[in-house]
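J.: Below are the structure tokens for one structure; questions will follow.
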Amino acid sequence: MIKFLDLEKINNRFRKDFDEKIKEILDSGWYLLGKNVESFEQNFADYCGTKYCVGVGNGLDALTLIIKAYGFKEGDEIIVPANTYIATILAITYNGCTPVLVEPDINTYNIDPDLIEEKITDKTRAIMPVHLYGQAVEMDKIWDLAKKYNLKIIEDSAQAHGAIYQGKRTGNLGDASGFSFYPGKNLGCIGDGGCVTTNDKELADKIRAIRNYGSNIKYHNIYQGVNSRLDEIHAAVLNVKLPYLDEDNQRRREIAEYYLSNIKNDKIIMRKSYSDKANVWHVFPVRTDNRDEFQQYLKDNDIQTLIHYPIPPHKQECYKELNKLSLPVTEEIHKTIISIPISPVMTDNEVQKVVEIVNKY
């Protein structure tokens with residue numbers, strides 16, 4: 001079986017270093033907000049090109065805390081792609097804000113910048129571009145709109161660690177960005193983890209306090225905060241893996257390029273990538289009209305797949321107020337999309353087998 005993502009194989013490359021770091025943490029007796037978190041926050045800020053990084057519990061919390069820290073009010077609107085993962089929408093509604101869904105570009109699956117301005121109202125406070133599936137959003141028009149209407153840009157960078165747009169990495173393309181370090185991400189820890197990156201010191205300091213019960217000094221609470229802290233073990237794991245992220249991303253690009261050049265099947269539609277460095281190929285999504293049949297065919301041929309994502313946010317039961325929206329591009333994507341294996345530990349033989357099997361479908 002060619003696994004969709006072989007996490008055991010990915011992490012075994014670092015097992016010796018993990019063991020040493022975890023033993024060191026256990027021996028220290030300091031498990032939260034210690035030197036490993038501090039070190040990772042500095043290292044990841046340097047990597048992204050930002051001044052600040054704040055480690056939090058997960059990617060959803062990262063986005064939620066950014067919105068909370070900005071102090072948006074109930075009913076304030078945040079523009080967001082309609083085909084994103086549910087967490088992006090949850091972060092908005094958790095804060096009492098209103099998600100305004102914008103259709104994606106059918107070729108890139110990222111938000112269509114040409115459709116944003118018509119959705120801006122006097123209640124709009126931010127645009128939340130999602131670098132979906134690993135490809136950075138084309139930001140030029142979004143930057144222009146944010147400046148024109150005095151809006152914040154909150155990046156959802158959960159799937160795009162290391163992607164580069166016009167010389168800057170994701171996480172440094174807006175006012176603030178949320179990252180996830182879920183184990184399956186390009187940079188993943190061994191549990192849940194996340195962070196916020198920003199160049200805004202006031203925002204970073206506020207999120208640092210909010211993540212820790214609203215406190216900078218123990219038992220002195222200046223905000224109504226939460227408990228959302230990246231722990232020492234996950235930070236240590238991320239510190240071990242971070243120096244290899246660019247190398248891993250490059251391997252993903254090589255596999256993606258092989259797929260793009262060698263998959264020749266009229267039944268399979270592949271994503272368009274406008275720039276090599278802008279895409280770190282968190283997943284390799286394709287579309288096909290008979291998705292269930294195609295998925296079963298690959299399973300029968302020992303190729304594991306996943307669907308990202310079968311149900312769009314506006315059709316979820318938890319958002320009944322959005323169920324009546326008509327978003328045909330989003331719905332077409334969610335009805336036909338399926339992700340085939342891609343990871344830095346795939347062998348050339350495995351990649352070639354995937355192509356061979358897909359082409360025979």
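Starting from 1 in every chain, residues are counted up; chains themselves are A, B, ... following the order of the structure tokens, and ligands are numbered from 1 as listed.
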Residues within 7 Å of Thr108 of chain A, please, as number ranges by chain. Count only C-alpha atoms; anything in the same chain fewer than 6 positions from it doesn't count.
T.: A: 271-273
J.: Excluding segment 163-173 of chain A and any residue of its chain fewer than 2 positions from it, enumerate the residues within 9 Å of it, using only C-alpha atoms, and give them as number ranges by chain.
T.: A: 45, 47-50, 131, 134-139, 143, 153-157, 160-161, 175-179, 196-199, 249, 275-280
J.: For the structure I just gave you, how does DSSP split segment 191-356 of chain A - specifically, which residues are strand (DSSP E)? Reply as number ranges by chain.
T.: A: 194-198, 215-217, 220-221, 269-270, 284-287, 337-340
J.: Grab the atom CA of Tyr70 of chain A to atom CA of Asn216 of chain A distance for me, in Å with one decimal place.
T.: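 Those two atoms sit 17.9 Å apart.
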J.: Write out as a list of chain:residue names each polymer residue whose atoms come within 8 Å of Leu242 of chain A, counting only C-alpha atoms; drop sequence neighbours fewer than 4 positions from it.
T.: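 My reading of the contact set: A:Phe44, A:Leu187, A:Leu238.
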J.: Can you work out which one of A:Tyr31, A:Tyr223, A:Tyr258, A:Phe4 has the shortest atom-to-atom distance to Ala235 of chain A, counting only C-alpha atoms?
T.: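 For Ala235 of chain A, the nearest of the candidates is A:Tyr31.
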J.: May I ask which of the residues A:Lys21, A:Arg211, A:Arg287, A:Arg125 is the closest one to Ile307 of chain A, counting only C-alpha atoms?
T.: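 Comparing A:Lys21, A:Arg211, A:Arg287, A:Arg125 against Ile307 of chain A, the winner is A:Arg287.
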J.: Measuring between only C-alpha atoms, which one of A:Ile190, A:Leu5, A:Ile222, A:Val358 shows the shortest distance to His282 of chain A?
T.: A:Leu5
J.: Calculate how many Å separate atom CA of Glu247 of chain A from atom CA of Arg13 of chain A, rounding to one decimal.
T.: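 Computed distance, atom CA of Glu247 of chain A to atom CA of Arg13 of chain A, equals 13.2 Å.
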J.: Fewer than 2 positions away in the same chain doesn't count, so skip those; otherwise give me all residues within 10 Å of Lys73 of chain A, counting only C-alpha atoms, as a compact mmCIF listing (two decimals) with C-alpha atoms, in the first residue's frame.
T.:
```txt
# COMPACT_ATOMS: atom_id res chain seq x y z
CA ILE A 67 -9.53 37.96 15.84
CA LYS A 68 -10.11 38.19 19.60
CA TYR A 70 -8.10 42.75 17.40
CA GLY A 71 -11.28 43.30 19.40
CA GLY A 75 -21.62 41.41 13.62
CA ASP A 76 -18.32 42.64 12.19
CA GLU A 77 -17.65 40.94 8.86
CA ASN A 95 -15.70 35.66 18.05
CA GLY A 96 -19.25 36.64 17.15
CA CYS A 97 -18.16 37.91 13.75
CA THR A 98 -19.86 37.15 10.45
CA LYS A 123 -19.14 46.26 8.52
CA ARG A 125 -13.10 44.54 9.21
```
J.: Please return as a PyMOL selection string: the residues of segment 44-205 of chain A that backbone DSSP assigns to helix (DSSP H, G or I).
T.: chain A and resi 44-48+59-70+86-94+113-115+117-119+132-134+140-149+201-205
